[in-house]
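So this one's query_17.csv, CSV, C-alpha atoms:
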```csv
chain,number,residue,atom,x,y,z
A,1,MET,CA,24.9,-13.8,-35.6
A,2,LYS,CA,22.6,-11.9,-33.4
A,3,ILE,CA,24.1,-8.7,-32.0
A,4,VAL,CA,23.7,-9.7,-28.4
A,5,GLU,CA,25.6,-13.0,-29.1
A,6,GLN,CA,28.3,-11.0,-30.9
A,7,ILE,CA,28.7,-8.7,-27.8
A,8,LYS,CA,28.9,-11.8,-25.5
A,9,GLN,CA,31.5,-13.7,-27.6
A,10,PRO,CA,34.6,-12.5,-25.8
A,11,ILE,CA,33.1,-13.3,-22.4
A,12,ALA,CA,31.1,-16.5,-23.3
A,13,TYR,CA,33.1,-18.7,-20.9
A,14,GLU,CA,32.7,-16.2,-18.0
A,15,MET,CA,28.9,-15.8,-18.6
A,16,ASP,CA,28.4,-19.6,-18.5
A,17,LEU,CA,30.3,-19.9,-15.2
A,18,PHE,CA,28.5,-16.8,-13.9
A,19,GLU,CA,25.1,-18.6,-14.6
A,20,GLN,CA,26.2,-21.5,-12.3
A,21,LYS,CA,27.5,-19.2,-9.5
A,22,PHE,CA,24.5,-17.0,-9.7
A,23,GLN,CA,22.1,-19.9,-9.2
A,24,LEU,CA,24.1,-21.0,-6.2
A,25,SER,CA,24.0,-17.5,-4.7
A,26,MET,CA,20.2,-17.6,-4.7
A,27,SER,CA,19.8,-21.0,-3.0
A,28,SER,CA,17.9,-21.4,0.3
A,29,LYS,CA,16.8,-24.1,2.7
A,30,VAL,CA,13.1,-23.1,2.2
A,31,ALA,CA,11.5,-25.1,-0.7
A,32,LEU,CA,9.1,-22.3,-1.6
A,33,LEU,CA,11.9,-19.8,-2.0
A,34,ASN,CA,13.9,-22.2,-4.2
A,35,ARG,CA,10.8,-22.8,-6.4
A,36,ILE,CA,10.3,-19.1,-6.9
A,37,THR,CA,14.0,-18.2,-7.5
A,38,HIS,CA,14.1,-21.1,-10.0
A,39,TYR,CA,11.2,-19.6,-11.8
A,40,ILE,CA,12.9,-16.2,-11.9
A,41,VAL,CA,16.3,-17.6,-13.1
A,42,ASN,CA,14.6,-19.5,-15.9
A,43,ARG,CA,12.9,-16.4,-17.2
A,44,LYS,CA,16.0,-14.1,-17.3
A,45,GLY,CA,16.4,-11.4,-19.9
A,46,LYS,CA,19.5,-10.6,-22.0
A,47,GLN,CA,21.7,-10.2,-18.9
A,48,MET,CA,23.2,-7.0,-20.1
A,49,ARG,CA,24.3,-6.0,-16.6
A,50,PRO,CA,26.6,-8.9,-15.9
A,51,MET,CA,27.9,-8.5,-19.5
A,52,PHE,CA,28.9,-5.0,-18.6
A,53,VAL,CA,30.7,-6.2,-15.5
A,54,PHE,CA,32.8,-8.8,-17.3
A,55,LEU,CA,33.5,-6.8,-20.4
A,56,VAL,CA,34.7,-3.8,-18.4
A,57,SER,CA,36.8,-5.9,-16.0
A,58,LYS,CA,38.5,-7.6,-18.9
A,59,MET,CA,39.1,-4.4,-20.9
A,60,VAL,CA,40.8,-2.6,-18.0
A,61,SER,CA,43.0,-5.5,-17.0
A,62,ASN,CA,44.1,-7.1,-20.3
A,63,GLY,CA,41.6,-10.0,-20.2
A,64,GLU,CA,41.7,-10.7,-16.4
A,65,VAL,CA,38.7,-11.5,-14.2
A,66,SER,CA,38.8,-12.6,-10.5
A,67,GLU,CA,36.4,-14.2,-8.1
A,68,ARG,CA,35.5,-10.7,-7.1
A,69,THR,CA,34.3,-10.1,-10.6
A,70,TYR,CA,31.9,-13.1,-10.4
A,71,ARG,CA,30.7,-12.0,-7.0
A,72,GLY,CA,30.2,-8.4,-8.2
A,73,ALA,CA,28.2,-9.6,-11.2
A,74,SER,CA,26.1,-11.8,-9.0
A,75,VAL,CA,25.4,-9.0,-6.5
A,76,ILE,CA,24.3,-6.7,-9.3
A,77,GLU,CA,22.0,-9.3,-10.7
A,78,LEU,CA,20.5,-10.1,-7.3
A,79,ILE,CA,19.9,-6.5,-6.5
A,80,HIS,CA,18.5,-5.8,-10.0
A,81,THR,CA,16.2,-8.8,-9.8
A,82,ALA,CA,15.0,-7.7,-6.3
A,83,THR,CA,14.1,-4.2,-7.7
A,84,LEU,CA,12.2,-5.8,-10.6
A,85,VAL,CA,10.1,-8.0,-8.3
A,86,HIS,CA,9.4,-5.0,-6.1
A,87,ASP,CA,8.6,-2.8,-9.1
A,88,ASP,CA,6.0,-5.3,-10.3
A,89,VAL,CA,4.3,-5.1,-6.9
A,90,VAL,CA,4.4,-1.3,-6.9
A,91,ASP,CA,3.1,-1.1,-10.5
A,92,ASP,CA,0.5,-3.8,-9.9
A,93,SER,CA,2.0,-5.5,-13.0
A,94,ASN,CA,1.0,-9.1,-13.9
A,95,ARG,CA,3.6,-9.7,-16.6
A,96,ARG,CA,7.4,-9.5,-16.8
A,97,ARG,CA,9.2,-10.3,-20.1
A,98,GLY,CA,6.1,-12.0,-21.5
A,99,PHE,CA,5.7,-14.3,-18.5
A,100,PHE,CA,3.6,-14.0,-15.3
A,101,SER,CA,5.3,-11.8,-12.7
A,102,VAL,CA,6.1,-13.2,-9.2
A,103,ASN,CA,3.2,-11.2,-7.6
A,104,ALA,CA,0.8,-12.5,-10.2
A,105,LEU,CA,1.6,-16.1,-9.3
A,106,TRP,CA,2.3,-15.9,-5.6
A,107,LYS,CA,0.6,-12.6,-4.5
A,108,ASN,CA,2.1,-9.4,-3.3
A,109,LYS,CA,3.2,-10.5,0.2
A,110,ILE,CA,5.4,-13.3,-1.1
A,111,ALA,CA,6.7,-11.1,-3.9
A,112,VAL,CA,7.8,-8.4,-1.4
A,113,LEU,CA,9.5,-11.0,0.8
A,114,ILE,CA,11.3,-12.5,-2.2
A,115,GLY,CA,12.6,-9.1,-3.2
A,116,ASP,CA,13.8,-8.5,0.4
A,117,TYR,CA,15.5,-12.0,0.4
A,118,LEU,CA,17.3,-11.3,-2.9
A,119,LEU,CA,18.5,-7.9,-1.6
A,120,SER,CA,19.9,-9.4,1.6
A,121,LYS,CA,21.5,-12.3,-0.4
A,122,GLY,CA,23.3,-9.7,-2.5
A,123,LEU,CA,24.5,-7.7,0.5
A,124,LEU,CA,25.7,-10.7,2.4
A,125,LEU,CA,27.6,-12.0,-0.7
A,126,SER,CA,29.7,-8.9,-0.5
A,127,ILE,CA,30.0,-8.7,3.3
A,128,ASP,CA,31.0,-12.4,3.7
A,129,ASN,CA,33.9,-11.9,1.3
A,130,ASN,CA,34.9,-8.4,2.6
A,131,ASP,CA,34.1,-6.8,-0.8
A,132,PHE,CA,33.3,-3.6,1.0
A,133,ASP,CA,34.3,-1.3,-1.9
A,134,LEU,CA,31.9,-3.3,-4.2
A,135,LEU,CA,29.2,-3.1,-1.6
A,136,LYS,CA,29.5,0.7,-1.4
A,137,ILE,CA,29.1,1.0,-5.2
A,138,ILE,CA,25.9,-1.2,-5.1
A,139,SER,CA,24.4,0.5,-2.0
A,140,ILE,CA,24.8,4.0,-3.6
A,141,ALA,CA,23.0,2.6,-6.7
A,142,VAL,CA,20.1,1.3,-4.7
A,143,ARG,CA,19.7,4.6,-2.8
A,144,GLU,CA,19.8,6.6,-6.0
A,145,MET,CA,17.3,4.3,-7.7
A,146,SER,CA,14.8,4.8,-4.9
A,147,GLU,CA,15.3,8.6,-4.9
A,148,GLY,CA,14.9,8.7,-8.6
A,149,GLU,CA,11.6,6.8,-8.5
A,150,LEU,CA,10.3,9.1,-5.7
A,151,LEU,CA,11.4,12.3,-7.5
A,152,GLN,CA,9.5,11.1,-10.6
A,153,ILE,CA,6.3,10.5,-8.6
A,154,GLU,CA,6.6,13.9,-6.9
A,155,LYS,CA,7.1,15.7,-10.2
A,156,ALA,CA,4.3,13.7,-12.0
A,157,ARG,CA,1.8,15.2,-9.5
A,158,LYS,CA,2.7,18.8,-10.5
A,159,LEU,CA,3.9,18.2,-14.1
A,160,ASP,CA,6.6,20.9,-13.5
A,161,ILE,CA,9.6,19.0,-14.8
A,162,THR,CA,12.4,20.9,-16.4
A,163,GLU,CA,14.9,19.2,-18.7
A,164,ALA,CA,17.5,19.3,-15.9
A,165,VAL,CA,15.2,17.6,-13.5
A,166,TYR,CA,14.3,14.9,-16.1
A,167,TYR,CA,18.0,14.1,-16.6
A,168,GLU,CA,18.4,13.8,-12.8
A,169,ILE,CA,15.4,11.4,-12.6
A,170,ILE,CA,16.7,9.1,-15.4
A,171,ARG,CA,20.3,9.3,-14.1
A,172,GLN,CA,19.1,8.0,-10.7
A,173,LYS,CA,16.4,5.7,-11.9
A,174,THR,CA,18.2,4.0,-14.8
A,175,ALA,CA,21.7,5.2,-15.4
A,176,THR,CA,23.0,4.6,-11.9
A,177,LEU,CA,22.6,0.8,-12.1
A,178,ILE,CA,24.5,0.6,-15.4
A,179,ALA,CA,27.1,3.0,-14.0
A,180,ALA,CA,27.4,0.6,-11.0
A,181,CYS,CA,27.9,-2.4,-13.3
A,182,CYS,CA,30.8,-0.7,-15.1
A,183,SER,CA,32.5,0.8,-12.1
A,184,LEU,CA,32.1,-2.5,-10.3
A,185,GLY,CA,33.7,-4.4,-13.2
A,186,ALA,CA,36.7,-2.1,-13.0
A,187,ALA,CA,36.9,-2.1,-9.1
A,188,SER,CA,36.8,-6.0,-9.1
A,189,VAL,CA,40.2,-6.2,-10.8
A,190,LYS,CA,41.7,-2.7,-10.4
A,191,PRO,CA,40.5,-1.4,-7.0
A,192,GLU,CA,41.0,2.3,-6.3
A,193,SER,CA,42.3,3.0,-9.8
A,194,GLN,CA,41.2,5.8,-12.1
A,195,HIS,CA,39.4,3.2,-14.1
A,196,VAL,CA,36.7,2.9,-11.4
A,197,GLU,CA,35.5,6.5,-11.9
A,198,SER,CA,36.0,6.6,-15.7
A,199,MET,CA,34.0,3.4,-16.2
A,200,ARG,CA,31.3,4.7,-13.8
A,201,LYS,CA,30.9,7.8,-16.0
A,202,PHE,CA,30.9,5.6,-19.1
A,203,GLY,CA,28.1,3.5,-17.7
A,204,GLU,CA,26.1,6.5,-16.6
A,205,LEU,CA,26.2,8.0,-20.2
A,206,ILE,CA,25.0,4.7,-21.7
A,207,GLY,CA,22.2,4.5,-19.1
A,208,MET,CA,21.1,8.0,-20.0
A,209,ALA,CA,21.0,7.1,-23.7
A,210,PHE,CA,19.2,3.8,-22.8
A,211,GLN,CA,16.4,5.6,-21.0
A,212,ILE,CA,15.8,8.2,-23.7
A,213,LYS,CA,15.6,5.4,-26.2
A,214,ASP,CA,13.0,3.7,-23.9
A,215,ASP,CA,11.0,7.0,-23.8
A,216,LEU,CA,11.1,7.2,-27.6
A,217,PHE,CA,9.4,3.8,-27.8
A,218,ASP,CA,6.3,5.4,-26.3
A,219,TYR,CA,5.9,7.4,-29.6
A,220,GLY,CA,6.5,4.4,-31.9
A,221,ASP,CA,3.8,2.8,-34.0
A,222,THR,CA,4.8,-0.8,-33.3
A,223,GLN,CA,4.0,-2.8,-30.2
A,224,ILE,CA,7.3,-2.8,-28.3
A,225,GLY,CA,6.9,-4.5,-24.9
A,226,LYS,CA,4.6,-1.6,-23.8
A,227,PRO,CA,1.7,0.0,-25.7
A,228,THR,CA,2.2,3.3,-27.3
A,229,GLY,CA,1.2,6.3,-25.2
A,230,ILE,CA,1.5,4.5,-21.9
A,231,ASP,CA,3.9,7.1,-20.4
A,232,ILE,CA,1.3,9.8,-21.2
A,233,LYS,CA,-1.4,7.7,-19.6
A,234,GLU,CA,0.8,7.3,-16.5
A,235,GLN,CA,1.6,11.1,-16.5
A,236,LYS,CA,5.3,10.4,-16.9
A,237,MET,CA,7.1,13.4,-18.3
A,238,THR,CA,9.6,12.3,-20.8
A,239,LEU,CA,12.1,14.3,-22.9
A,240,PRO,CA,10.1,14.6,-26.1
A,241,LEU,CA,7.2,16.0,-24.2
A,242,ILE,CA,9.3,18.3,-21.9
A,243,TYR,CA,11.0,19.8,-24.9
A,244,VAL,CA,7.7,20.5,-26.7
A,245,LEU,CA,6.1,21.9,-23.5
A,246,ASN,CA,9.0,24.4,-23.2
A,247,GLN,CA,8.7,25.5,-26.8
A,248,ALA,CA,4.9,25.7,-27.0
A,249,SER,CA,2.7,28.8,-26.9
A,250,LYS,CA,0.7,29.4,-23.7
A,251,LYS,CA,-2.5,28.1,-25.3
A,252,ASP,CA,-0.8,24.9,-26.5
A,253,LYS,CA,1.0,24.4,-23.2
A,254,ASN,CA,-2.3,24.6,-21.3
A,255,TRP,CA,-3.9,22.2,-23.7
A,256,LEU,CA,-1.0,19.7,-23.3
A,257,ILE,CA,-1.0,19.9,-19.5
A,258,ASN,CA,-4.8,19.6,-19.4
A,259,SER,CA,-4.7,16.6,-21.7
A,260,ILE,CA,-2.1,14.8,-19.5
A,261,LYS,CA,-3.7,15.7,-16.2
A,262,ASN,CA,-7.4,15.2,-17.0
A,263,HIS,CA,-7.7,13.3,-20.3
A,264,ASN,CA,-4.8,10.8,-20.1
A,265,LYS,CA,-7.2,7.8,-20.3
A,266,ASP,CA,-8.9,9.2,-23.5
A,267,THR,CA,-7.2,7.2,-26.3
A,268,LYS,CA,-8.1,9.8,-29.0
A,269,ARG,CA,-6.7,12.7,-26.9
A,270,VAL,CA,-3.5,10.7,-26.1
A,271,LYS,CA,-3.0,10.1,-29.9
A,272,GLU,CA,-3.4,13.9,-30.4
A,273,VAL,CA,-0.7,14.6,-27.8
A,274,ILE,CA,1.6,12.1,-29.5
A,275,ALA,CA,1.0,13.7,-32.9
A,276,PHE,CA,1.6,17.2,-31.4
A,277,VAL,CA,4.9,16.1,-29.8
A,278,LYS,CA,6.0,14.5,-33.1
A,279,ASN,CA,5.1,17.5,-35.3
A,280,ASN,CA,6.8,20.0,-33.0
A,281,GLY,CA,10.2,18.4,-33.0
A,282,GLY,CA,10.0,16.5,-29.7
A,283,LEU,CA,11.3,13.3,-31.1
A,284,ASP,CA,14.1,14.9,-33.1
A,285,TYR,CA,15.3,16.7,-30.1
A,286,ALA,CA,15.3,13.6,-27.9
A,287,ILE,CA,17.2,11.6,-30.6
A,288,LYS,CA,19.8,14.4,-30.8
A,289,LYS,CA,20.4,14.3,-27.1
A,290,MET,CA,20.5,10.5,-27.0
A,291,LYS,CA,23.2,10.5,-29.7
A,292,ALA,CA,25.2,13.1,-27.8
A,293,PHE,CA,25.3,10.8,-24.7
A,294,ARG,CA,26.4,7.9,-26.9
A,295,GLU,CA,29.2,10.0,-28.4
A,296,GLU,CA,30.5,11.0,-25.0
A,297,ALA,CA,30.4,7.3,-23.9
A,298,LEU,CA,32.4,6.3,-27.0
A,299,GLN,CA,35.0,9.0,-26.4
A,300,ILE,CA,35.7,7.5,-23.0
A,301,LEU,CA,36.3,4.1,-24.6
A,302,GLN,CA,38.7,5.6,-27.1
A,303,THR,CA,41.2,6.2,-24.2
A,304,TYR,CA,41.6,2.4,-23.9
A,305,PRO,CA,43.8,0.2,-26.2
A,306,GLU,CA,42.1,-1.9,-28.9
A,307,SER,CA,40.8,-5.3,-27.7
A,308,ASP,CA,37.8,-7.6,-28.3
A,309,TYR,CA,36.3,-6.4,-25.0
A,310,LYS,CA,36.5,-2.8,-26.1
A,311,ASN,CA,34.9,-3.7,-29.4
A,312,SER,CA,32.1,-5.5,-27.6
A,313,LEU,CA,31.5,-2.5,-25.4
A,314,GLU,CA,31.3,-0.2,-28.5
A,315,LEU,CA,28.8,-2.7,-30.0
A,316,MET,CA,26.8,-2.5,-26.7
A,317,VAL,CA,26.8,1.3,-26.8
A,318,ASN,CA,25.4,1.3,-30.3
A,319,TYR,CA,23.0,-1.5,-29.6
A,320,VAL,CA,21.4,0.6,-26.8
A,321,ILE,CA,20.4,3.2,-29.4
A,322,ASP,CA,19.6,0.9,-32.3
A,323,ARG,CA,17.6,-1.7,-30.5
A,324,LYS,CA,14.0,-2.3,-31.5
A,325,LYS,CA,12.6,-3.1,-28.1
```
Could you spell out this file's structure in structure tokens?
Amino acid sequence: MKIVEQIKQPIAYEMDLFEQKFQLSMSSKVALLNRITHYIVNRKGKQMRPMFVFLVSKMVSNGEVSERTYRGASVIELIHTATLVHDDVVDDSNRRRGFFSVNALWKNKIAVLIGDYLLSKGLLLSIDNNDFDLLKIISIAVREMSEGELLQIEKARKLDITEAVYYEIIRQKTATLIAACCSLGAASVKPESQHVESMRKFGELIGMAFQIKDDLFDYGDTQIGKPTGIDIKEQKMTLPLIYVLNQASKKDKNWLINSIKNHNKDTKRVKEVIAFVKNNGGLDYAIKKMKAFREEALQILQTYPESDYKNSLELMVNYVIDRKK
């Protein structure tokens, strides 16, 4: 059995019902909107975010979920989908998960409006049902994701990222949404309990490990969704590179910064930078940090009694680090 299917097993019923509710939450009276949202829904990914919501809610409440849990999962997925549609416009990207992106098929103007529509659908789903605590969790995540993206753009111009700033960028950009899924799962069944904060922290730690793993793919030899060296070409400062920059001699540091600033489109030079990072311990350091985040996340899980949901969350934590794409 595939690992994702194994993780999903204890919540298979909830995920099936969620699919139906999620499609309903997207519906509109405008035919064009329905056509585009139908296209988006049929090209969904692994749906890790709703899985986090349901697994956490069932773990903290001995197998219970509520209508709030379904709404929370739908809101997270609506907001996440909105950010992906907007990201593709910002990045001028024509592909998403191997298919044409919304902006490639319907142009940027429609893609931006679709993103706005999904965002408002998510907010209204919470407001109409008085889920104001869940809405607050989501809204904080959206704010942080925007701040993280802008902080990264600001730092890419100067290439003056410290390790602490890097962690802040990935916490906001990536970890905050997974943290929102987990705290939302807890809040949907146990509002205002200590579980909401402990699960938020758990999700944040997984998100940090997830992003470092993503950064490591840039140094891999296999084609994994994105070509090797793309982060360097886009002047993104990732942990392996930051570590090596901080350890390098002045001469090597100048060569690295010059390579990233002025020669980032030169394939040969990018390969030289990748080799330098590998040979100077950049990957080993990043792997060590990624594993430390995983261990911290697993320690939080140990405070909960044994259950199928807890086992699935442990599998999920390990999958984040062991995945091949």
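The smallest atom-to-atom distance between Leu17 (chain A) and any of A:Ala82, A:Leu119, A:Ala73, A:Val189, using only C-alpha atoms, is found for A:Ala73.
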Problem - From A:Lys236, A:Arg71, A:His263, A:Lys46, residue lying nearest Glu149 (chain A) [all atoms listed in the file] - result: A:Lys236
Completion exercise
Closest of A:Asn318, A:Glu67, A:Tyr309, A:Phe22 to Gln9 (chain A), counting all atoms listed in the file, is A:Tyr309
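Residues of protein, DNA and RNA with at least one atom no farther than 9 Å from (21.4, -18.3, -4.5) are, using only C-alpha atoms, Lys21, Phe22, Gln23, Leu24, Ser25, Met26, Ser27, Ser28, Asn34, Thr37, Leu78, Leu118 and Lys121 of chain A.
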Handout entry: 10 Å contact set for Ile79 (chain A), all atoms listed in the file, chain neighbours under 5 positions out, as a ChimeraX atom specification
Key = /A:74,84,115-123,138-139,141-142,177
Completion exercise
One decimal place gives the CA of Glu192 (chain A)-CA of Asp133 (chain A) separation as 8.8 Å
Exercise for the section: Find the residues around Asn264 (chain A) up to 8 Å (only C-alpha atoms counted), leave out those fewer than 2 positions away in its own chain, and share them as a PyMOL selection string. Expected result: chain A and resi 232-235+259-262+266-267+269-270
Would you mind exporting the chosen residues as a PDB file, in the frame of the given file, restricted to C-alpha atoms?
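That gives us out35.pdb:
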```pdb
ATOM      1  CA  ILE A 232       1.300   9.800 -21.200  1.00  0.00           C
ATOM      2  CA  LYS A 233      -1.400   7.700 -19.600  1.00  0.00           C
ATOM      3  CA  GLU A 234       0.800   7.300 -16.500  1.00  0.00           C
ATOM      4  CA  GLN A 235       1.600  11.100 -16.500  1.00  0.00           C
ATOM      5  CA  SER A 259      -4.700  16.600 -21.700  1.00  0.00           C
ATOM      6  CA  ILE A 260      -2.100  14.800 -19.500  1.00  0.00           C
ATOM      7  CA  LYS A 261      -3.700  15.700 -16.200  1.00  0.00           C
ATOM      8  CA  ASN A 262      -7.400  15.200 -17.000  1.00  0.00           C
ATOM      9  CA  ASP A 266      -8.900   9.200 -23.500  1.00  0.00           C
ATOM     10  CA  THR A 267      -7.200   7.200 -26.300  1.00  0.00           C
ATOM     11  CA  ARG A 269      -6.700  12.700 -26.900  1.00  0.00           C
ATOM     12  CA  VAL A 270      -3.500  10.700 -26.100  1.00  0.00           C
TER      13      VAL A 270
END
```
Practice task
Find the residues around region 156-171 of chain A up to 9 Å (only C-alpha atoms counted), leave out those fewer than 3 positions away in its own chain, and share them as a ChimeraX atom specification.
Solution key: /A:144-145,147-153,174-176,204-205,207-208,211-212,234-239,242-243,246,257,260-261
Practice task
Give me the residues within 12 Å of Arg49 (chain A) as a PyMOL selection string, counting only C-alpha atoms and dropping any in the same chain fewer than 5 places off.
Solution key: chain A and resi 8+15+18+44+54-56+72-81+174-185+203+206-207+313+316
Problem - Among the residues A:Val244, A:Ala187, A:His38, A:Val30, the one that comes closest to Lys136 (chain A) [using all atoms listed in the file] - result: A:Ala187
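Pairwise distance (CA of Ile137 (chain A), CA of Phe52 (chain A)) equals 14.7 Å.
Put simply, CA of Phe210 (chain A) is 9.2 Å away from CA of Arg294 (chain A).
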Practice task
In the coordinates of the file, take the point (34.4, 9.3, -23.9) and a cut-off of 12 Å; then, counting all atoms listed in the file, name each qualifying protein, DNA or RNA residue as a PyMOL selection string.
Solution key: chain A and resi 198-206+292-304+314+317
Practice task
Tell me which of A:Gly282, A:Pro10, A:Gly220, A:Pro50 sits closest to Glu64 (chain A), counting all atoms listed in the file.
Solution key: A:Pro10
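When all atoms listed in the file are used to measure the gap to Val60 (chain A), the shortest distance among A:Lys324, A:Lys29, A:Lys310, A:Arg43 belongs to A:Lys310.
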